[in-house]
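The next block is query.txt, given as compact mmCIF, C-alpha atoms.
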```txt
# COMPACT_ATOMS: atom_id res chain seq x y z
CA MET A 1 105.34 24.20 199.02
CA LYS A 2 103.46 21.98 201.41
CA ARG A 3 100.38 20.38 199.86
CA LEU A 4 97.14 19.95 201.78
CA PRO A 5 95.00 16.82 201.32
CA THR A 6 92.66 17.10 198.34
CA ALA A 7 89.50 16.61 200.41
CA LEU A 8 90.52 19.46 202.71
CA LEU A 9 91.32 21.67 199.73
CA LEU A 10 87.91 21.03 198.19
CA GLY A 11 86.26 21.96 201.47
CA LEU A 12 88.32 25.14 201.63
CA LEU A 13 87.40 25.91 198.03
CA GLY A 14 83.69 25.64 198.83
CA SER A 15 84.09 28.23 201.53
CA LEU A 16 85.79 30.63 199.10
CA SER A 17 83.14 30.75 196.36
CA PRO A 18 81.54 34.04 197.55
CA LEU A 19 84.87 35.83 197.16
CA SER A 20 83.83 37.42 193.88
CA GLY A 21 81.96 40.11 195.83
CA HIS A 22 78.65 39.71 193.97
CA ALA A 23 75.29 38.44 195.24
CA GLY A 24 73.15 35.52 194.12
CA GLN A 25 73.96 32.52 191.95
CA ALA A 26 76.00 34.62 189.51
CA ALA A 27 78.42 35.44 192.33
CA ALA A 28 80.11 32.06 192.10
CA GLY A 29 80.29 32.10 188.28
CA PHE A 30 82.21 29.05 187.16
CA SER A 31 83.77 28.66 190.59
CA GLY A 32 80.59 27.15 192.02
CA GLU A 33 80.72 24.12 189.72
CA PRO A 34 82.13 20.91 191.27
CA ALA A 35 84.25 20.12 188.19
CA VAL A 36 85.77 23.60 188.28
CA LYS A 37 86.50 23.30 191.99
CA ALA A 38 88.32 20.04 191.32
CA PHE A 39 90.24 21.70 188.47
CA ILE A 40 91.32 24.56 190.75
CA VAL A 41 92.56 22.09 193.33
CA SER A 42 94.47 20.24 190.60
CA MET A 43 96.12 23.49 189.44
CA HIS A 44 97.14 24.15 193.04
CA GLU A 45 98.53 20.67 193.59
CA GLN A 46 100.36 20.43 190.28
CA TYR A 47 101.56 24.00 189.75
CA GLY A 48 101.15 25.86 193.03
CA PHE A 49 98.35 28.20 191.94
CA ASP A 50 96.74 30.10 194.81
CA ILE A 51 93.28 28.63 195.39
CA ALA A 52 91.61 31.85 196.54
CA HIS A 53 93.03 33.87 193.65
CA LEU A 54 92.07 31.30 191.01
CA THR A 55 88.61 30.94 192.55
CA ARG A 56 88.03 34.69 192.20
CA GLN A 57 89.02 34.55 188.55
CA PHE A 58 86.62 31.70 187.80
CA ALA A 59 83.90 33.48 189.78
CA ALA A 60 84.21 36.41 187.38
CA ILE A 61 83.20 34.39 184.31
CA GLN A 62 80.10 32.49 183.21
CA PRO A 63 79.40 29.69 180.69
CA ASN A 64 79.25 31.41 177.31
CA ALA A 65 76.32 30.27 175.16
CA THR A 66 77.74 31.89 172.02
CA VAL A 67 80.94 29.88 172.37
CA LEU A 68 79.02 26.66 172.83
CA ARG A 69 76.86 27.35 169.78
CA ALA A 70 79.86 28.24 167.63
CA ILE A 71 81.81 25.05 168.43
CA ARG A 72 79.01 22.69 167.41
CA PRO A 73 78.93 21.31 163.84
CA PRO A 74 76.19 22.83 161.66
CA ALA A 75 72.92 20.93 161.62
CA GLU A 76 71.37 22.51 158.52
CA PRO A 77 72.25 20.96 155.13
CA ALA A 78 72.89 24.42 153.66
CA LYS A 79 75.73 24.87 156.11
CA GLN A 80 77.42 21.54 155.42
CA ARG A 81 80.91 21.31 153.95
CA SER A 82 81.42 23.22 150.71
CA TRP A 83 84.91 23.78 149.37
CA GLN A 84 83.89 26.62 147.09
CA ARG A 85 82.06 28.47 149.86
CA TYR A 86 85.00 27.94 152.23
CA ARG A 87 87.55 29.04 149.63
CA GLN A 88 85.73 32.27 148.85
CA ARG A 89 86.10 33.38 152.45
CA PHE A 90 89.89 33.26 152.34
CA VAL A 91 91.16 33.31 148.76
CA ASN A 92 89.80 36.60 147.50
CA PRO A 93 91.09 39.98 146.26
CA ARG A 94 90.82 41.64 149.68
CA ARG A 95 93.11 39.11 151.35
CA VAL A 96 95.50 39.09 148.41
CA GLU A 97 95.84 42.89 148.55
CA GLY A 98 96.11 42.85 152.34
CA GLY A 99 98.79 40.19 152.04
CA GLN A 100 100.80 42.33 149.64
CA ARG A 101 100.78 45.21 152.11
CA PHE A 102 101.73 42.89 154.97
CA TRP A 103 104.56 41.35 152.93
CA ASN A 104 105.89 44.77 151.90
CA GLU A 105 105.83 46.03 155.48
CA HIS A 106 107.45 42.96 157.04
CA GLY A 107 109.58 41.66 154.17
CA ALA A 108 112.87 41.64 156.07
CA ILE A 109 111.35 39.71 158.99
CA LEU A 110 109.79 37.19 156.62
CA GLN A 111 113.16 36.69 154.92
CA ARG A 112 114.81 36.09 158.29
CA ALA A 113 112.14 33.56 159.22
CA GLU A 114 112.66 31.75 155.91
CA ALA A 115 116.43 31.66 156.47
CA ILE A 116 116.03 30.16 159.94
CA TYR A 117 113.03 27.86 159.47
CA GLY A 118 112.95 27.17 155.73
CA VAL A 119 109.33 28.27 155.32
CA PRO A 120 108.72 30.64 152.37
CA PRO A 121 107.26 34.08 153.09
CA GLU A 122 104.05 33.46 151.14
CA ILE A 123 103.11 30.51 153.35
CA ILE A 124 103.62 32.48 156.57
CA VAL A 125 101.74 35.48 155.15
CA ALA A 126 98.90 33.23 153.96
CA ILE A 127 98.48 31.55 157.34
CA ILE A 128 98.29 34.92 159.09
CA GLY A 129 95.92 36.12 156.36
CA VAL A 130 93.59 33.17 156.78
CA GLU A 131 93.76 33.23 160.57
CA THR A 132 93.21 36.92 161.35
CA GLU A 133 93.38 38.83 158.06
CA TYR A 134 96.84 40.07 158.99
CA GLY A 135 96.04 40.83 162.61
CA GLN A 136 92.78 42.69 162.02
CA ASN A 137 90.45 40.06 163.53
CA MET A 138 92.06 38.41 166.54
CA GLY A 139 88.82 37.63 168.36
CA SER A 140 86.85 39.39 171.06
CA PHE A 141 86.06 36.51 173.41
CA GLY A 142 87.59 36.36 176.86
CA VAL A 143 89.91 33.38 176.48
CA LEU A 144 89.48 32.22 180.06
CA GLU A 145 85.69 32.20 179.68
CA ALA A 146 85.80 30.54 176.25
CA LEU A 147 88.13 27.75 177.33
CA ALA A 148 86.24 27.17 180.59
CA SER A 149 82.94 26.98 178.69
CA LEU A 150 84.37 24.33 176.36
CA ALA A 151 86.26 22.47 179.08
CA PHE A 152 83.28 22.11 181.40
CA HIS A 153 80.21 22.40 179.14
CA TYR A 154 81.20 20.72 175.87
CA PRO A 155 81.64 17.00 176.60
CA PRO A 156 82.75 15.90 173.09
CA ARG A 157 86.08 17.72 173.48
CA ALA A 158 86.21 18.45 177.18
CA ASP A 159 89.57 16.76 177.74
CA PHE A 160 91.23 18.73 174.96
CA PHE A 161 89.94 22.08 176.15
CA ARG A 162 90.69 21.30 179.77
CA GLY A 163 94.29 20.76 178.73
CA GLU A 164 94.28 24.05 176.85
CA LEU A 165 92.77 25.81 179.87
CA GLU A 166 95.60 24.47 182.00
CA GLN A 167 98.19 25.63 179.45
CA PHE A 168 96.50 29.04 179.21
CA LEU A 169 96.70 29.66 182.94
CA LEU A 170 100.36 28.65 182.96
CA MET A 171 101.06 30.89 179.97
CA ALA A 172 99.33 33.88 181.58
CA ARG A 173 101.30 33.38 184.80
CA GLU A 174 104.59 33.07 182.93
CA ASN A 175 103.92 36.33 181.09
CA GLY A 176 102.64 38.22 184.13
CA VAL A 177 99.23 38.86 182.55
CA SER A 178 95.81 38.42 184.12
CA PRO A 179 93.97 35.60 182.30
CA LEU A 180 90.84 37.75 182.49
CA GLU A 181 92.43 40.37 180.23
CA ILE A 182 93.33 38.16 177.25
CA LYS A 183 90.97 38.12 174.26
CA GLY A 184 90.88 35.59 171.45
CA SER A 185 88.69 33.35 169.34
CA TYR A 186 85.65 31.42 170.56
CA ALA A 187 87.89 28.33 170.70
CA GLY A 188 90.59 30.04 172.78
CA ALA A 189 93.11 30.80 170.02
CA ILE A 190 95.23 33.86 170.69
CA GLY A 191 96.92 36.64 168.80
CA ILE A 192 97.94 37.47 165.23
CA PRO A 193 98.62 33.81 164.32
CA GLN A 194 95.81 32.39 166.52
CA PHE A 195 97.92 29.93 168.50
CA MET A 196 96.20 27.75 171.03
CA PRO A 197 97.82 28.13 174.48
CA SER A 198 99.66 24.79 174.26
CA SER A 199 101.12 25.77 170.88
CA GLN A 200 102.21 29.15 172.21
CA ARG A 201 104.04 27.58 175.13
CA ARG A 202 105.61 24.90 172.92
CA TYR A 203 106.42 26.65 169.63
CA ALA A 204 106.21 30.45 169.94
CA VAL A 205 109.46 32.44 169.84
CA ASP A 206 110.68 35.85 170.91
CA PHE A 207 111.59 36.84 167.34
CA ASP A 208 111.96 40.56 168.04
CA GLY A 209 114.46 40.05 170.87
CA ASP A 210 112.62 41.99 173.58
CA ASP A 211 112.82 39.09 176.07
CA ARG A 212 109.11 38.31 175.92
CA ILE A 213 106.77 36.46 173.58
CA ASP A 214 103.77 38.56 172.58
CA LEU A 215 101.67 37.13 169.78
CA ARG A 216 98.97 39.75 170.28
CA ARG A 217 101.07 42.88 169.72
CA SER A 218 104.31 41.79 168.07
CA THR A 219 103.96 40.95 164.38
CA THR A 220 107.62 39.96 164.43
CA ASP A 221 107.01 37.35 167.13
CA ALA A 222 103.97 36.12 165.19
CA ILE A 223 105.94 35.66 161.95
CA GLY A 224 108.78 33.83 163.66
CA SER A 225 106.38 31.66 165.64
CA VAL A 226 104.45 30.54 162.54
CA GLY A 227 107.73 29.65 160.84
CA ARG A 228 108.95 27.69 163.83
CA PHE A 229 105.62 25.88 164.25
CA LEU A 230 105.75 24.62 160.68
CA GLN A 231 109.44 23.74 160.87
CA GLN A 232 108.93 21.81 164.09
CA HIS A 233 106.12 19.84 162.44
CA GLY A 234 108.34 18.76 159.58
CA TRP A 235 108.26 21.45 156.90
CA GLN A 236 110.58 20.51 154.03
CA LYS A 237 112.37 23.50 152.51
CA GLY A 238 111.86 23.78 148.78
CA ALA A 239 109.51 20.78 148.61
CA PRO A 240 106.09 20.94 146.91
CA VAL A 241 102.81 21.35 148.75
CA ALA A 242 100.11 19.99 146.43
CA VAL A 243 99.25 19.36 142.77
CA PRO A 244 95.87 18.86 141.03
CA ALA A 245 94.85 15.29 140.28
CA ARG A 246 92.30 13.30 138.30
CA LEU A 247 90.83 9.93 139.11
CA ASN A 248 90.26 6.81 137.07
CA GLY A 249 87.99 4.66 139.17
CA ASP A 250 86.56 4.79 142.67
CA PRO A 251 88.65 6.95 145.06
CA SER A 252 87.03 5.61 148.25
CA ALA A 253 89.86 3.29 149.31
CA LEU A 254 92.54 5.95 148.82
CA LEU A 255 90.53 8.61 150.63
CA ALA A 256 89.97 6.22 153.54
CA GLU A 257 93.74 6.13 154.09
CA GLY A 258 93.63 9.74 155.28
CA ILE A 259 95.61 12.88 154.48
CA LYS A 260 99.00 11.78 155.83
CA PRO A 261 101.21 10.92 152.83
CA ALA A 262 101.91 7.19 152.70
CA LEU A 263 102.05 6.07 149.04
CA THR A 264 104.40 7.53 146.45
CA VAL A 265 103.07 9.38 143.43
CA ARG A 266 104.13 6.40 141.32
CA GLN A 267 102.12 4.03 143.53
CA LEU A 268 99.10 6.33 143.42
CA GLU A 269 99.31 6.46 139.63
CA ALA A 270 99.19 2.68 139.57
CA ARG A 271 95.90 2.94 141.48
CA GLY A 272 94.29 5.32 139.03
CA VAL A 273 95.47 8.77 140.13
CA VAL A 274 96.65 11.06 137.34
CA ALA A 275 98.77 14.07 138.33
CA ALA A 276 101.40 16.27 136.72
CA ALA A 277 104.12 15.32 139.19
CA ASP A 278 106.78 13.49 137.16
CA ASP A 279 109.60 15.14 139.12
CA ASP A 280 108.08 13.87 142.35
CA ALA A 281 107.24 10.31 141.30
CA ASP A 282 108.96 8.85 144.35
CA ARG A 283 107.68 11.44 146.81
CA PRO A 284 104.94 10.33 149.28
CA ALA A 285 101.55 11.93 148.80
CA ALA A 286 97.92 11.53 149.83
CA LEU A 287 94.75 11.92 147.84
CA ILE A 288 92.76 14.99 148.91
CA ASP A 289 89.11 15.52 148.02
CA LEU A 290 87.55 18.99 148.07
CA VAL A 291 83.80 18.53 148.04
CA THR A 292 81.22 21.12 147.00
CA PRO A 293 77.53 20.09 147.02
CA ASP A 294 76.02 19.77 143.52
CA GLU A 295 79.41 20.27 141.87
CA ALA A 296 82.20 17.97 140.77
CA THR A 297 84.65 17.14 143.54
CA GLU A 298 88.17 18.57 143.17
CA TYR A 299 91.01 16.12 143.72
CA TRP A 300 94.58 16.97 144.63
CA LEU A 301 97.70 15.19 145.75
CA GLY A 302 98.90 16.58 149.06
CA PHE A 303 102.59 16.13 149.88
CA ASP A 304 104.26 16.24 153.28
CA ASN A 305 104.19 20.05 153.38
CA PHE A 306 100.42 20.00 152.84
CA TYR A 307 100.12 17.64 155.79
CA VAL A 308 102.30 19.99 157.88
CA ILE A 309 99.85 22.85 157.22
CA THR A 310 97.05 20.64 158.52
CA ARG A 311 98.88 20.43 161.85
CA TYR A 312 98.02 24.11 162.24
CA ASN A 313 94.35 23.39 161.55
CA ARG A 314 93.38 19.79 160.90
CA SER A 315 91.31 20.44 157.81
CA SER A 316 92.14 19.81 154.16
CA PHE A 317 89.95 22.83 153.31
CA TYR A 318 92.10 24.99 155.58
CA ALA A 319 95.41 23.72 154.22
CA MET A 320 94.28 24.17 150.61
CA SER A 321 93.06 27.70 151.31
CA VAL A 322 96.45 28.57 152.82
CA PHE A 323 98.24 27.03 149.84
CA GLN A 324 96.09 28.74 147.22
CA LEU A 325 96.24 32.11 148.97
CA ALA A 326 100.03 31.71 149.18
CA GLU A 327 100.21 30.92 145.46
CA ALA A 328 98.11 33.99 144.66
CA LEU A 329 100.27 36.18 146.89
CA ARG A 330 103.47 34.94 145.29
CA GLU A 331 102.11 35.37 141.75
CA VAL A 332 100.94 38.94 142.34
CA ARG A 333 104.20 39.87 144.04
CA ASP A 334 106.35 38.36 141.28
CA ASN A 335 104.30 40.14 138.60
CA ARG A 336 104.63 43.49 140.36
CA LEU A 337 108.35 43.09 140.90
CA SER A 338 108.94 42.09 137.27
CA ALA A 339 106.92 45.10 136.07
CA ARG A 340 109.19 47.56 137.86
CA PRO A 341 111.61 49.49 135.61
```

Structure encoded using structure tokens:
Amino acid sequence: MKRLPTALLLGLLGSLSPLSGHAGQAAAGFSGEPAVKAFIVSMHEQYGFDIAHLTRQFAAIQPNATVLRAIRPPAEPAKQRSWQRYRQRFVNPRRVEGGQRFWNEHGAILQRAEAIYGVPPEIIVAIIGVETEYGQNMGSFGVLEALASLAFHYPPRADFFRGELEQFLLMARENGVSPLEIKGSYAGAIGIPQFMPSSQRRYAVDFDGDDRIDLRRSTTDAIGSVGRFLQQHGWQKGAPVAVPARLNGDPSALLAEGIKPALTVRQLEARGVVAAADDDADRPAALIDLVTPDEATEYWLGFDNFYVITRYNRSSFYAMSVFQLAEALREVRDNRLSARP
């Protein structure tokens, strides 16, 4: 495809902004913004997107104030980090019972995913449970509008969301779906496992064999994709995730080293960490703190598999919620199976 000079393309783009068919300032939507015009030209030059068609799609959406409010960190002290408040949202009887039903319904698929990727069923079920409560809450935001709002109106992470916007448009084109039709979270995550567009293009799999990847409608694709995501990020089959710990002394230096395992359990013990992990004395771990205002901080040792879960969502609260929900799911399932005659 022959490429026109960028300056000429930008001029052409300016002449196309009324193509949405509406009157007034709202007619141009996002497409009237200079940064969006430049983005459209870039998508044409890099990937051959049709300028007029992409302009019409951006003209159909507006900056979403709800998205921009939701992405910002809370300003009120009452809404600051609280492990106990966070945990209660995800590790509760409703999600445990929902997880049992999900596991019973999709047990064979979960077994196949474990055989291929080495990730146990309870971890996959827990991630889907935390993300969307087993597909019940996949988000109602237009993904194109959400990603554009964050890419062009949220400077702290504009580069990240611009990259996701690019990946989203490529993904929609590859799947023959209008980007205006796809719904997801306020941050642009999509489907039963809430993959960001870049993760879907890189890690998602056609696990049901129908020659297409559909994380919104195929639970089978979602299960396989979660397993592959974790495996590709280094999941170790049969290895531990985390164990409780106690501290003798000031934990500040160890916490400052981050959540990526670097010191062995034996080395951490020499620095005042007490944990019931004798069988894993030579396994790398990291000290994890789970803070709740006005309560004693919980400490854990997180192993490599804990760190892998944080690649899905880079939060120790998130990874611990997944782990504890998984443990609860496994315990309930084992008890029910053992109680059968």

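Within 9 Å of region 83-93 of chain A, once all atoms listed in the file are used and residues closer than 4 positions along the same chain are dropped, the contacting residues are Glu97, Gly98, Gly129, Val130, Glu133, Leu290, Val291, Thr292, Pro293, Thr297, Glu298, Phe317, Tyr318, Met320, Ser321, Val322, Gln324, Leu325 and Ala328 of chain A.
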
Discussion item. Please determine, counting only C-alpha atoms, which residue among A:Ala148, A:Ala65, A:Ala256, A:Ala281 has the shortest atom-to-atom distance to Leu180 (chain A).
Written reply: A:Ala148

Practice prompt. Between A:Arg112, A:Arg95, A:Lys183, A:Arg311, single out the one closest to Arg216 (chain A), counting all atoms listed in the file.
Written response: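 That would be A:Lys183, the residue with the smallest distance to Arg216 (chain A).
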
Discussion item. What's around Leu54 (chain A) at 12 Å? Count only C-alpha atoms, leave out sequence neighbours fewer than 6 positions away in its own chain, and write the answer as an MDAnalysis selection string.
Written reply: chainID A and resid 13 16:17 19:20 30:31 36:44 48 60:61 144 166 169:170 173 178:180

Near-region 194-198 of chain A list (8 Å; all atoms listed in the file; drop same-chain fewer than 2 positions) as a PDB file with C-alpha atoms, in the frame of the given file:
```pdb
ATOM      1  CA  GLU A 131      93.760  33.230 160.570  1.00  0.00           C
ATOM      2  CA  THR A 132      93.210  36.920 161.350  1.00  0.00           C
ATOM      3  CA  MET A 138      92.060  38.410 166.540  1.00  0.00           C
ATOM      4  CA  GLU A 164      94.280  24.050 176.850  1.00  0.00           C
ATOM      5  CA  LEU A 165      92.770  25.810 179.870  1.00  0.00           C
ATOM      6  CA  GLN A 167      98.190  25.630 179.450  1.00  0.00           C
ATOM      7  CA  PHE A 168      96.500  29.040 179.210  1.00  0.00           C
ATOM      8  CA  MET A 171     101.060  30.890 179.970  1.00  0.00           C
ATOM      9  CA  GLY A 184      90.880  35.590 171.450  1.00  0.00           C
ATOM     10  CA  SER A 185      88.690  33.350 169.340  1.00  0.00           C
ATOM     11  CA  GLY A 188      90.590  30.040 172.780  1.00  0.00           C
ATOM     12  CA  ALA A 189      93.110  30.800 170.020  1.00  0.00           C
ATOM     13  CA  ILE A 190      95.230  33.860 170.690  1.00  0.00           C
ATOM     14  CA  GLY A 191      96.920  36.640 168.800  1.00  0.00           C
ATOM     15  CA  ILE A 192      97.940  37.470 165.230  1.00  0.00           C
ATOM     16  CA  GLN A 200     102.210  29.150 172.210  1.00  0.00           C
ATOM     17  CA  ARG A 201     104.040  27.580 175.130  1.00  0.00           C
ATOM     18  CA  ARG A 202     105.610  24.900 172.920  1.00  0.00           C
TER      19      ARG A 202
END
```

Fill in: One-decimal distance in Å that lies between CA of Asp221 (chain A) and CA of Phe161 (chain A)
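We find that CA of Phe161 (chain A) and CA of Asp221 (chain A) lie 24.6 Å from each other.
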
Discussion item. Between CA of Phe229 (chain A) and CA of Ile109 (chain A), what distance in Å does the model show, to one decimal?
Written reply: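 Answer for the CA of Phe229 (chain A) to CA of Ile109 (chain A) separation: 15.9 Å.
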
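Computed from the coordinates, the CA of Tyr186 (chain A) to CA of Val308 (chain A) distance equals 23.8 Å.
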
Worksheet item: Which residues come within 8 Å of Gly118 (chain A), counting only C-alpha atoms, excluding same-chain residues fewer than 6 positions away, as an NGL selection string?
Response: :A and (227 or 231 or 235-238)

Give as a compact mmCIF listing (two decimals) with C-alpha atoms, in the coordinates of the input the set of residues within 12 Å of the point (96.1, 7.6, 138.5), where distances use the file's coordinates and all atoms listed in the file.
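And here's result_15.txt as it stands now:
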```
# COMPACT_ATOMS: atom_id res chain seq x y z
CA PRO A 244 95.87 18.86 141.03
CA ALA A 245 94.85 15.29 140.28
CA ARG A 246 92.30 13.30 138.30
CA LEU A 247 90.83 9.93 139.11
CA ASN A 248 90.26 6.81 137.07
CA GLY A 249 87.99 4.66 139.17
CA ASP A 250 86.56 4.79 142.67
CA PRO A 251 88.65 6.95 145.06
CA LEU A 254 92.54 5.95 148.82
CA THR A 264 104.40 7.53 146.45
CA VAL A 265 103.07 9.38 143.43
CA ARG A 266 104.13 6.40 141.32
CA GLN A 267 102.12 4.03 143.53
CA LEU A 268 99.10 6.33 143.42
CA GLU A 269 99.31 6.46 139.63
CA ALA A 270 99.19 2.68 139.57
CA ARG A 271 95.90 2.94 141.48
CA GLY A 272 94.29 5.32 139.03
CA VAL A 273 95.47 8.77 140.13
CA VAL A 274 96.65 11.06 137.34
CA ALA A 275 98.77 14.07 138.33
CA ALA A 276 101.40 16.27 136.72
CA ALA A 277 104.12 15.32 139.19
CA ALA A 281 107.24 10.31 141.30
CA LEU A 287 94.75 11.92 147.84
CA TYR A 299 91.01 16.12 143.72
CA TRP A 300 94.58 16.97 144.63
CA LEU A 301 97.70 15.19 145.75
```

Practice prompt. Just the residues within 8 Å of Gln111 (chain A), please, counting only C-alpha atoms, with nothing from its chain fewer than 3 positions along; format it as a ChimeraX atom specification.
Written response: /A:107-108,114-115,120-121

Selection above as a file: C-alpha atoms, as a PDB file, in the coordinates of the input:
```
ATOM      1  CA  GLY A 107     109.580  41.660 154.170  1.00  0.00           C
ATOM      2  CA  ALA A 108     112.870  41.640 156.070  1.00  0.00           C
ATOM      3  CA  GLU A 114     112.660  31.750 155.910  1.00  0.00           C
ATOM      4  CA  ALA A 115     116.430  31.660 156.470  1.00  0.00           C
ATOM      5  CA  PRO A 120     108.720  30.640 152.370  1.00  0.00           C
ATOM      6  CA  PRO A 121     107.260  34.080 153.090  1.00  0.00           C
TER       7      PRO A 121
END
```

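Candidate residues A:Arg336, A:Ile124, A:Leu215, A:Tyr134 were compared for distance to Arg94 (chain A), and the nearest is A:Tyr134, using only C-alpha atoms.
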
Fill in: Best match for closeness to Phe323 (chain A) among A:Asp50, A:Asp206, A:Glu122, A:Glu45, counting only C-alpha atoms
A:Glu122

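Between Thr310 (chain A) and the candidates A:Lys260, A:His153, A:Arg340, A:Arg69, the tightest atom-to-atom separation, counting only C-alpha atoms, involves A:Lys260.
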
Item to complete: Have a look at A:Arg157, A:Arg217, A:Arg212, A:Arg72 and name the one nearest to Ile182 (chain A); count all atoms listed in the file.
Response: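 Checking each of A:Arg157, A:Arg217, A:Arg212, A:Arg72 against Ile182 (chain A), counting all atoms listed in the file, the winner is A:Arg217.
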
Fix up region 60-74 of chain A with N, CA, C and O atoms, then write it as a PDB file, keeping the file's coordinate frame.
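Output contents, as saved in out.pdb:
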```
ATOM      1  N   ALA A  60      84.479  35.228 188.208  1.00  0.00           N
ATOM      2  CA  ALA A  60      84.210  36.410 187.380  1.00  0.00           C
ATOM      3  C   ALA A  60      83.713  36.062 185.989  1.00  0.00           C
ATOM      4  O   ALA A  60      83.394  36.966 185.205  1.00  0.00           O
ATOM      5  N   ILE A  61      83.637  34.788 185.649  1.00  0.00           N
ATOM      6  CA  ILE A  61      83.200  34.390 184.310  1.00  0.00           C
ATOM      7  C   ILE A  61      82.026  33.422 184.388  1.00  0.00           C
ATOM      8  O   ILE A  61      81.800  32.786 185.420  1.00  0.00           O
ATOM      9  N   GLN A  62      81.284  33.343 183.277  1.00  0.00           N
ATOM     10  CA  GLN A  62      80.100  32.490 183.210  1.00  0.00           C
ATOM     11  C   GLN A  62      80.197  31.606 181.961  1.00  0.00           C
ATOM     12  O   GLN A  62      80.889  31.947 181.002  1.00  0.00           O
ATOM     13  N   PRO A  63      79.477  30.473 181.932  1.00  0.00           N
ATOM     14  CA  PRO A  63      79.400  29.690 180.690  1.00  0.00           C
ATOM     15  C   PRO A  63      78.883  30.568 179.551  1.00  0.00           C
ATOM     16  O   PRO A  63      77.894  31.281 179.703  1.00  0.00           O
ATOM     17  N   ASN A  64      79.568  30.528 178.431  1.00  0.00           N
ATOM     18  CA  ASN A  64      79.250  31.410 177.310  1.00  0.00           C
ATOM     19  C   ASN A  64      78.469  30.645 176.248  1.00  0.00           C
ATOM     20  O   ASN A  64      79.011  29.777 175.552  1.00  0.00           O
ATOM     21  N   ALA A  65      77.187  30.988 176.104  1.00  0.00           N
ATOM     22  CA  ALA A  65      76.320  30.270 175.160  1.00  0.00           C
ATOM     23  C   ALA A  65      76.750  30.468 173.722  1.00  0.00           C
ATOM     24  O   ALA A  65      76.609  29.568 172.888  1.00  0.00           O
ATOM     25  N   THR A  66      77.285  31.636 173.388  1.00  0.00           N
ATOM     26  CA  THR A  66      77.740  31.890 172.020  1.00  0.00           C
ATOM     27  C   THR A  66      78.899  30.982 171.658  1.00  0.00           C
ATOM     28  O   THR A  66      78.964  30.440 170.551  1.00  0.00           O
ATOM     29  N   VAL A  67      79.815  30.798 172.581  1.00  0.00           N
ATOM     30  CA  VAL A  67      80.940  29.880 172.370  1.00  0.00           C
ATOM     31  C   VAL A  67      80.444  28.465 172.128  1.00  0.00           C
ATOM     32  O   VAL A  67      80.889  27.770 171.206  1.00  0.00           O
ATOM     33  N   LEU A  68      79.518  28.028 172.943  1.00  0.00           N
ATOM     34  CA  LEU A  68      79.020  26.660 172.830  1.00  0.00           C
ATOM     35  C   LEU A  68      78.234  26.440 171.551  1.00  0.00           C
ATOM     36  O   LEU A  68      78.273  25.353 170.971  1.00  0.00           O
ATOM     37  N   ARG A  69      77.544  27.470 171.071  1.00  0.00           N
ATOM     38  CA  ARG A  69      76.860  27.350 169.780  1.00  0.00           C
ATOM     39  C   ARG A  69      77.869  27.304 168.636  1.00  0.00           C
ATOM     40  O   ARG A  69      77.740  26.532 167.691  1.00  0.00           O
ATOM     41  N   ALA A  70      78.898  28.133 168.726  1.00  0.00           N
ATOM     42  CA  ALA A  70      79.860  28.240 167.630  1.00  0.00           C
ATOM     43  C   ALA A  70      80.678  26.960 167.440  1.00  0.00           C
ATOM     44  O   ALA A  70      81.063  26.631 166.318  1.00  0.00           O
ATOM     45  N   ILE A  71      80.954  26.233 168.514  1.00  0.00           N
ATOM     46  CA  ILE A  71      81.810  25.050 168.430  1.00  0.00           C
ATOM     47  C   ILE A  71      81.090  23.859 167.831  1.00  0.00           C
ATOM     48  O   ILE A  71      81.724  22.934 167.308  1.00  0.00           O
ATOM     49  N   ARG A  72      79.764  23.854 167.878  1.00  0.00           N
ATOM     50  CA  ARG A  72      79.010  22.690 167.410  1.00  0.00           C
ATOM     51  C   ARG A  72      78.957  22.636 165.890  1.00  0.00           C
ATOM     52  O   ARG A  72      78.808  23.670 165.237  1.00  0.00           O
ATOM     53  N   PRO A  73      79.039  21.446 165.302  1.00  0.00           N
ATOM     54  CA  PRO A  73      78.930  21.310 163.840  1.00  0.00           C
ATOM     55  C   PRO A  73      77.570  21.784 163.375  1.00  0.00           C
ATOM     56  O   PRO A  73      76.572  21.655 164.099  1.00  0.00           O
ATOM     57  N   PRO A  74      77.485  22.343 162.163  1.00  0.00           N
ATOM     58  CA  PRO A  74      76.190  22.830 161.660  1.00  0.00           C
ATOM     59  C   PRO A  74      75.208  21.684 161.461  1.00  0.00           C
ATOM     60  O   PRO A  74      75.583  20.588 161.039  1.00  0.00           O
TER      61      PRO A  74
END
```
